[in-house]
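Printed here is model29.csv (CSV, C-alpha atoms):
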chain,number,residue,atom,x,y,z
A,2,MET,CA,-105.3,-64.3,0.0
A,3,LYS,CA,-103.9,-65.6,3.2
A,4,ILE,CA,-106.6,-65.5,5.9
A,5,HIS,CA,-105.8,-67.0,9.3
A,6,PRO,CA,-108.5,-69.6,10.3
A,7,THR,CA,-109.3,-67.6,13.5
A,8,ALA,CA,-110.0,-64.4,11.6
A,9,LEU,CA,-113.7,-63.5,11.1
A,10,VAL,CA,-114.2,-62.1,7.6
A,11,ASP,CA,-117.8,-61.3,6.6
A,12,PRO,CA,-118.8,-62.9,3.3
A,13,GLY,CA,-119.8,-59.4,2.1
A,14,ALA,CA,-116.3,-58.0,2.5
A,15,ARG,CA,-114.4,-57.4,-0.7
A,16,ILE,CA,-110.8,-58.6,-0.3
A,17,GLY,CA,-108.2,-58.0,-3.0
A,18,ALA,CA,-105.4,-60.2,-4.2
A,19,ASP,CA,-102.4,-61.1,-2.0
A,20,VAL,CA,-104.1,-59.8,1.1
A,21,GLU,CA,-103.0,-61.2,4.5
A,22,ILE,CA,-105.3,-61.2,7.4
A,23,GLY,CA,-103.9,-62.3,10.8
A,24,PRO,CA,-105.3,-64.2,13.8
A,25,PHE,CA,-108.5,-63.0,15.5
A,26,SER,CA,-109.0,-60.0,13.2
A,27,THR,CA,-112.6,-59.0,12.4
A,28,ILE,CA,-113.5,-57.6,8.9
A,29,GLY,CA,-117.1,-56.3,8.5
A,30,SER,CA,-119.5,-56.7,5.6
A,31,GLU,CA,-119.0,-53.2,4.1
A,32,VAL,CA,-115.2,-53.3,4.1
A,33,VAL,CA,-113.1,-53.2,0.9
A,34,ILE,CA,-109.4,-54.1,1.2
A,35,GLY,CA,-107.1,-53.5,-1.8
A,36,ASP,CA,-104.4,-55.8,-3.2
A,37,ASN,CA,-101.1,-56.5,-1.3
A,38,THR,CA,-102.4,-55.3,2.0
A,39,THR,CA,-101.4,-56.8,5.3
A,40,VAL,CA,-103.8,-56.8,8.3
A,41,GLN,CA,-102.1,-58.2,11.4
A,42,SER,CA,-103.7,-59.9,14.4
A,43,HIS,CA,-106.6,-58.6,16.5
A,44,VAL,CA,-107.5,-55.8,14.0
A,45,VAL,CA,-111.1,-54.6,13.8
A,46,ILE,CA,-112.3,-53.0,10.6
A,47,GLU,CA,-116.0,-52.3,10.7
A,48,GLY,CA,-118.6,-50.1,9.1
A,49,GLN,CA,-118.1,-48.7,5.6
A,50,VAL,CA,-114.4,-48.7,5.0
A,51,ALA,CA,-112.4,-48.6,1.8
A,52,ILE,CA,-108.7,-49.4,2.0
A,53,GLY,CA,-106.4,-49.1,-1.1
A,54,SER,CA,-103.5,-51.3,-2.1
A,55,GLY,CA,-100.2,-51.9,-0.4
A,56,ASN,CA,-101.2,-50.9,3.1
A,57,PHE,CA,-99.9,-52.3,6.4
A,58,ILE,CA,-102.2,-52.4,9.4
A,59,GLY,CA,-100.6,-53.4,12.7
A,60,HIS,CA,-101.8,-55.5,15.6
A,61,GLY,CA,-104.9,-54.3,17.4
A,62,ALA,CA,-105.8,-51.3,15.2
A,63,VAL,CA,-109.4,-50.3,15.0
A,64,ILE,CA,-110.7,-48.7,11.8
A,65,GLY,CA,-114.2,-47.6,11.1
A,66,ALA,CA,-115.6,-47.5,14.6
A,67,PRO,CA,-118.4,-45.0,15.3
A,68,PRO,CA,-117.2,-41.5,16.1
A,69,GLN,CA,-117.0,-40.4,19.7
A,70,ASP,CA,-119.7,-37.9,19.2
A,71,VAL,CA,-122.7,-37.9,21.6
A,72,SER,CA,-124.9,-36.6,18.8
A,73,PHE,CA,-124.1,-39.5,16.5
A,74,SER,CA,-126.9,-41.9,15.5
A,75,PRO,CA,-125.9,-45.5,14.6
A,76,GLU,CA,-128.1,-45.5,11.5
A,77,ARG,CA,-126.1,-42.8,9.8
A,78,LYS,CA,-124.1,-43.9,6.8
A,79,THR,CA,-120.6,-42.6,7.2
A,80,ARG,CA,-117.3,-44.1,6.2
A,81,VAL,CA,-113.5,-44.2,6.2
A,82,GLU,CA,-111.4,-43.8,3.0
A,83,ILE,CA,-107.8,-44.9,3.1
A,84,GLY,CA,-105.4,-44.6,0.0
A,85,ASN,CA,-102.4,-46.6,-0.9
A,86,GLU,CA,-99.0,-47.6,0.7
A,87,ASN,CA,-99.9,-46.4,4.2
A,88,VAL,CA,-98.4,-47.8,7.4
A,89,ILE,CA,-100.8,-47.9,10.3
A,90,ARG,CA,-99.1,-49.3,13.3
A,91,GLU,CA,-100.4,-51.2,16.3
A,92,TYR,CA,-103.4,-49.9,18.2
A,93,CYS,CA,-104.2,-47.0,16.0
A,94,THR,CA,-107.8,-45.9,16.0
A,95,ILE,CA,-109.5,-44.3,13.0
A,96,HIS,CA,-113.1,-43.4,13.5
A,97,ARG,CA,-115.6,-43.0,10.6
A,98,GLY,CA,-117.3,-39.7,9.7
A,99,GLY,CA,-119.9,-38.1,11.9
A,100,ALA,CA,-122.5,-36.3,9.7
A,101,GLU,CA,-124.6,-38.3,7.2
A,102,GLY,CA,-122.6,-39.2,4.1
A,103,SER,CA,-119.3,-37.9,5.5
A,104,ALA,CA,-115.9,-39.6,5.7
A,105,THR,CA,-112.6,-39.7,7.5
A,106,LYS,CA,-109.9,-39.6,4.8
A,107,ILE,CA,-106.3,-40.7,4.7
A,108,GLY,CA,-104.3,-40.2,1.5
A,109,ASP,CA,-101.2,-42.1,0.3
A,110,ASN,CA,-97.7,-43.0,1.8
A,111,ASN,CA,-98.6,-41.9,5.3
A,112,PHE,CA,-97.0,-43.4,8.5
A,113,LEU,CA,-99.2,-43.5,11.6
A,114,MET,CA,-97.1,-44.8,14.5
A,115,ALA,CA,-98.5,-46.8,17.4
A,116,ALA,CA,-101.6,-45.7,19.3
A,117,ALA,CA,-102.3,-42.6,17.1
A,118,HIS,CA,-105.9,-41.6,17.2
A,119,LEU,CA,-107.8,-39.9,14.2
A,120,GLY,CA,-111.2,-38.6,15.2
A,121,HIS,CA,-114.2,-38.4,12.9
A,122,ASN,CA,-113.9,-36.5,9.7
A,123,CYS,CA,-110.1,-35.9,9.9
A,124,ALA,CA,-108.5,-35.4,6.5
A,125,ILE,CA,-104.8,-36.5,6.2
A,126,GLY,CA,-102.9,-35.7,3.0
A,127,ASN,CA,-100.0,-37.6,1.6
A,128,SER,CA,-96.6,-38.4,3.1
A,129,VAL,CA,-97.6,-37.4,6.6
A,130,ILE,CA,-95.9,-38.8,9.7
A,131,ILE,CA,-98.0,-39.0,12.9
A,132,ALA,CA,-95.9,-40.2,15.8
A,133,ASN,CA,-96.9,-42.4,18.7
A,134,ASN,CA,-99.9,-41.4,20.9
A,135,CYS,CA,-100.9,-38.3,18.9
A,136,LEU,CA,-104.6,-37.4,19.4
A,137,LEU,CA,-106.5,-35.7,16.6
A,138,GLY,CA,-109.9,-34.4,17.4
A,139,GLY,CA,-112.7,-34.4,14.8
A,140,HIS,CA,-112.3,-32.5,11.6
A,141,VAL,CA,-108.6,-32.0,11.9
A,142,ARG,CA,-106.8,-31.4,8.5
A,143,VAL,CA,-103.2,-32.3,8.0
A,144,ASP,CA,-101.6,-31.2,4.8
A,145,ASN,CA,-98.9,-33.1,2.8
A,146,GLY,CA,-95.6,-33.8,4.4
A,147,ALA,CA,-96.4,-32.6,7.9
A,148,PHE,CA,-94.7,-34.3,10.9
A,149,LEU,CA,-96.6,-34.5,14.2
A,150,GLY,CA,-94.4,-35.3,17.2
A,151,GLY,CA,-95.3,-38.0,19.6
A,152,GLY,CA,-97.9,-37.4,22.2
A,153,GLY,CA,-99.2,-34.2,20.5
A,154,VAL,CA,-102.8,-33.2,20.9
A,155,PHE,CA,-104.8,-31.4,18.2
A,156,HIS,CA,-108.1,-29.6,18.8
A,157,GLN,CA,-111.1,-30.3,16.5
A,158,TYR,CA,-111.5,-28.2,13.4
A,159,MET,CA,-107.9,-27.1,13.3
A,160,ARG,CA,-105.4,-27.4,10.3
A,161,ILE,CA,-101.8,-28.2,10.1
A,162,GLY,CA,-100.1,-26.8,7.0
A,163,ARG,CA,-97.8,-28.6,4.5
A,164,LEU,CA,-94.4,-29.6,5.8
A,165,ALA,CA,-95.1,-28.2,9.2
A,166,LEU,CA,-93.3,-29.9,12.1
A,167,THR,CA,-94.7,-30.1,15.6
A,168,GLN,CA,-92.7,-31.0,18.7
A,169,GLY,CA,-93.7,-34.0,20.8
A,170,ALA,CA,-95.9,-33.5,23.9
A,171,SER,CA,-97.3,-30.2,22.5
A,172,GLY,CA,-100.9,-29.1,22.2
A,173,PHE,CA,-102.6,-27.0,19.5
A,174,SER,CA,-106.0,-25.4,19.1
A,175,LYS,CA,-105.0,-22.9,16.5
A,176,ASP,CA,-104.0,-23.4,12.9
A,177,ILE,CA,-100.3,-24.1,12.2
A,178,PRO,CA,-99.1,-22.5,8.9
A,179,PRO,CA,-97.1,-24.5,6.4
A,180,PHE,CA,-93.3,-24.8,6.5
A,181,VAL,CA,-93.0,-23.8,10.2
A,182,THR,CA,-91.9,-25.5,13.4
A,183,ALA,CA,-94.4,-25.4,16.3
A,184,ALA,CA,-94.2,-26.5,19.9
A,185,GLU,CA,-95.5,-26.1,23.5
A,186,ILE,CA,-99.1,-24.8,23.6
A,187,ASN,CA,-100.0,-23.0,20.4
A,188,TYR,CA,-96.6,-21.5,19.6
A,189,VAL,CA,-94.6,-21.3,16.4
A,190,PHE,CA,-90.8,-21.1,16.7
A,191,GLY,CA,-89.5,-20.7,13.2
A,192,VAL,CA,-89.2,-22.1,9.7
A,193,ASN,CA,-88.7,-25.8,9.2
A,194,VAL,CA,-85.5,-25.3,7.2
A,195,ILE,CA,-84.3,-28.9,7.4
A,196,GLY,CA,-87.7,-30.2,6.3
A,197,LEU,CA,-87.7,-27.7,3.3
A,198,ARG,CA,-84.2,-28.9,2.3
A,199,ARG,CA,-85.2,-32.5,2.5
A,200,ALA,CA,-88.3,-31.8,0.4
A,201,GLY,CA,-86.1,-30.3,-2.4
A,202,PHE,CA,-87.1,-26.7,-2.0
A,203,SER,CA,-84.7,-24.4,-3.9
A,204,GLY,CA,-82.6,-21.9,-2.0
A,205,ARG,CA,-84.7,-19.1,-3.5
A,206,ASP,CA,-88.0,-20.6,-2.3
A,207,ARG,CA,-86.5,-21.2,1.2
A,208,ASP,CA,-85.3,-17.6,1.4
A,209,GLU,CA,-88.7,-16.3,0.3
A,210,ILE,CA,-90.5,-18.5,2.9
A,211,LYS,CA,-88.2,-16.9,5.5
A,212,VAL,CA,-89.1,-13.4,4.3
A,213,ALA,CA,-92.8,-14.3,4.4
A,214,PHE,CA,-92.3,-15.7,8.0
A,215,LYS,CA,-90.6,-12.5,9.2
A,216,LEU,CA,-93.1,-10.3,7.5
A,217,LEU,CA,-95.9,-12.1,9.3
A,218,TYR,CA,-94.3,-12.6,12.7
A,219,THR,CA,-91.5,-10.1,13.3
A,220,SER,CA,-92.3,-7.0,11.3
A,221,GLY,CA,-94.6,-5.4,13.8
A,222,LEU,CA,-97.5,-5.5,11.4
A,223,ASN,CA,-100.8,-7.1,12.2
A,224,ILE,CA,-102.0,-10.0,10.1
A,225,SER,CA,-104.2,-7.9,7.8
A,226,GLN,CA,-101.4,-5.4,7.2
A,227,ALA,CA,-98.9,-8.2,6.6
A,228,LEU,CA,-101.2,-9.8,4.0
A,229,GLU,CA,-101.8,-6.5,2.3
A,230,LYS,CA,-98.0,-5.9,2.1
A,231,ALA,CA,-97.4,-9.4,0.8
A,232,SER,CA,-99.9,-9.0,-2.0
A,233,ALA,CA,-97.7,-6.3,-3.5
A,234,MET,CA,-94.5,-8.4,-3.3
A,235,GLU,CA,-93.1,-10.6,-6.0
A,236,LEU,CA,-93.1,-14.0,-4.3
A,237,GLY,CA,-92.9,-17.6,-5.6
A,238,ALA,CA,-95.6,-20.3,-5.1
A,239,PRO,CA,-94.4,-21.5,-1.7
A,240,ALA,CA,-94.4,-18.1,-0.1
A,241,ARG,CA,-97.8,-17.4,-1.7
A,242,GLU,CA,-99.0,-20.7,-0.2
A,243,PHE,CA,-97.9,-19.5,3.2
A,244,PHE,CA,-99.9,-16.3,3.0
A,245,ALA,CA,-102.9,-18.0,1.5
A,246,PHE,CA,-103.0,-20.4,4.4
A,247,VAL,CA,-102.9,-17.5,6.9
A,248,ALA,CA,-105.6,-15.6,5.0
A,249,GLY,CA,-107.9,-18.7,5.2
A,250,ALA,CA,-107.3,-19.3,8.9
A,251,GLU,CA,-110.4,-17.4,10.1
A,252,LYS,CA,-112.1,-20.0,12.3
A,253,ARG,CA,-109.2,-20.8,14.6
A,254,GLY,CA,-106.6,-18.2,13.8
A,255,ILE,CA,-102.9,-19.1,13.6
A,256,CYS,CA,-100.4,-19.9,16.3
A,257,PRO,CA,-98.4,-16.9,17.4
A,258,LEU,CA,-94.6,-16.7,17.5
A,259,LYS,CA,-92.8,-17.6,20.7
A,260,ARG,CA,-90.3,-14.8,21.3
A,261,GLY,CA,-86.8,-15.9,22.1
A,262,GLY,CA,-87.6,-19.3,20.8
A,263,ALA,CA,-85.1,-20.8,18.3
A,264,PRO,CA,-83.6,-18.1,16.1
A,265,GLU,CA,-81.4,-20.6,14.3
A,266,GLN,CA,-84.5,-22.0,12.7
A,267,LEU,CA,-84.8,-18.8,10.7
Would you mind writing the file's structure down as structure tokens?
Amino acid sequence: MKIHPTALVDPGARIGADVEIGPFSTIGSEVVIGDNTTVQSHVVIEGQVAIGSGNFIGHGAVIGAPPQDVSFSPERKTRVEIGNENVIREYCTIHRGGAEGSATKIGDNNFLMAAAHLGHNCAIGNSVIIANNCLLGGHVRVDNGAFLGGGGVFHQYMRIGRLALTQGASGFSKDIPPFVTAAEINYVFGVNVIGLRRAGFSGRDRDEIKVAFKLLYTSGLNISQALEKASAMELGAPAREFFAFVAGAEKRGICPLKRGGAPEQL
């Protein structure tokens, strides 16, 4: 371990091998930090926080602070769980869970750029990129491989599907289906074709996702009718995943299509 003499590390904290903790950082008694993790200067990690191995935590980040929930009681036992090989850049804030026994969770290989905020009980999958100044309310779920553009705001209890791409300076309060591009205020514009190619999707899977997108958004059918028609079609796993997401988006509903948006995305 390499702990700067000005860092305050509680004796109860469990620190792994080859961990670096920078100047003026504060590590609480219930914190676990895995091997080969770097914690830069002025970082605060408090409460019950478990951090895996190979993570990078930038200057001024705050992890495990109480949720910004007026009903939260300080005596509640809640936590933050962070996986392996994540990059959490400077001044990110990640709040612990709200309800008793609950957690805010981050998977593996994610990249949180500067000043991103994850509210209580967010669930971030793997290989997600969250750009600068994104604000995620409580209970937001982000599935694997999604990209959230800088300055985006995301309402509590919403979900962003796998490999979805959101434009910067946009706002969302409805669910964003997987494999799509989304922008402005609650609008979908098309299929994230470039993202699908980069993720190694076959030509057939990409074509079926486009068919699924058009059936849902441009066929003139309502959501129930589109789901019924899709159930009788022979589709591969990704297109089925698209429709399964839509069928499960009952609380918030899904973002509608912006007509005249970006047809080249299709």
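With distances restricted to only C-alpha atoms, A:Arg160 is the closest residue to Ile255 (chain A) from A:Arg15, A:Arg90, A:Arg80, A:Arg160.
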Give me the residues near region 211-218 of chain A as number ranges by chain, where near means some atom within 10 Å (using all atoms listed in the file) and where sequence neighbours in that chain fewer than 6 positions away do not count. A: 178, 180-181, 189, 191-194, 205, 224-228, 230-231, 234, 236, 239-241, 243-244, 247, 257-260, 266-267
Rounded to one decimal place, report the CA of Gly221 (chain A)-CA of Phe246 (chain A) distance in Å.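 Atom-to-atom, CA of Gly221 (chain A) and CA of Phe246 (chain A) are spaced 19.6 Å apart.
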For each of A:Leu137, A:Ile195, A:Val32, A:Val143, take the minimum atom-to-atom distance to Gln157 (chain A), counting only C-alpha atoms, then give the residue where this is smallest. A:Leu137
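Nearest residue to Ile130 (chain A), choosing from A:Thr79, A:Asn56, A:Asn87, A:Thr94 and counting all atoms listed in the file: A:Asn87.
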Starting from the point (-99.6, -29.4, 25.9), work out which residues of protein, DNA or RNA have an atom no more than 8 Å away when counting only C-alpha atoms; state them as an NGL selection string. :A and (153-154 or 170-173 or 185-186)
For Leu166 (chain A), which residue among A:His140, A:Gly204, A:Ile16, A:Leu197 is the nearest when counting all atoms listed in the file?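 So, comparing all the options, the nearest one is A:Leu197.
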Please, could N, CA, C and O atoms be added to region 216-229 of chain A and the result written as a short mmCIF file (atom, residue, chain, number, x, y, z; two decimals), in the frame of the given file?
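As a result, result27.cif now contains:
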data_model
loop_
_atom_site.label_atom_id
_atom_site.label_comp_id
_atom_site.auth_asym_id
_atom_site.auth_seq_id
_atom_site.Cartn_x
_atom_site.Cartn_y
_atom_site.Cartn_z
N LEU A 216 -92.10 -11.30 7.78
CA LEU A 216 -93.10 -10.30 7.50
C LEU A 216 -94.33 -10.49 8.40
O LEU A 216 -94.89 -9.54 8.97
N LEU A 217 -94.74 -11.75 8.52
CA LEU A 217 -95.90 -12.10 9.30
C LEU A 217 -95.68 -11.92 10.80
O LEU A 217 -96.51 -11.36 11.53
N TYR A 218 -94.54 -12.43 11.25
CA TYR A 218 -94.30 -12.60 12.70
C TYR A 218 -93.44 -11.59 13.37
O TYR A 218 -93.54 -11.40 14.59
N THR A 219 -92.52 -10.97 12.65
CA THR A 219 -91.50 -10.10 13.30
C THR A 219 -91.49 -8.68 12.81
O THR A 219 -90.65 -7.89 13.25
N SER A 220 -92.35 -8.33 11.86
CA SER A 220 -92.30 -7.00 11.30
C SER A 220 -93.01 -5.93 12.06
O SER A 220 -92.88 -4.73 11.79
N GLY A 221 -93.80 -6.35 13.04
CA GLY A 221 -94.60 -5.40 13.80
C GLY A 221 -95.95 -5.11 13.19
O GLY A 221 -96.76 -4.37 13.77
N LEU A 222 -96.22 -5.68 12.01
CA LEU A 222 -97.50 -5.50 11.40
C LEU A 222 -98.52 -6.51 11.92
O LEU A 222 -98.15 -7.62 12.33
N ASN A 223 -99.80 -6.12 11.90
CA ASN A 223 -100.80 -7.10 12.20
C ASN A 223 -101.04 -8.01 11.01
O ASN A 223 -100.48 -7.77 9.93
N ILE A 224 -101.86 -9.05 11.17
CA ILE A 224 -102.00 -10.00 10.10
C ILE A 224 -102.59 -9.37 8.83
O ILE A 224 -102.09 -9.60 7.71
N SER A 225 -103.60 -8.52 8.97
CA SER A 225 -104.20 -7.90 7.80
C SER A 225 -103.17 -6.99 7.08
O SER A 225 -103.09 -6.99 5.85
N GLN A 226 -102.37 -6.27 7.84
CA GLN A 226 -101.40 -5.40 7.20
C GLN A 226 -100.27 -6.25 6.53
O GLN A 226 -99.82 -5.90 5.44
N ALA A 227 -99.87 -7.35 7.16
CA ALA A 227 -98.90 -8.20 6.60
C ALA A 227 -99.38 -8.83 5.26
O ALA A 227 -98.66 -8.91 4.26
N LEU A 228 -100.64 -9.25 5.25
CA LEU A 228 -101.20 -9.80 4.00
C LEU A 228 -101.32 -8.78 2.93
O LEU A 228 -101.06 -9.08 1.75
N GLU A 229 -101.67 -7.57 3.30
CA GLU A 229 -101.80 -6.50 2.30
C GLU A 229 -100.39 -6.20 1.71
O GLU A 229 -100.25 -6.04 0.48
#
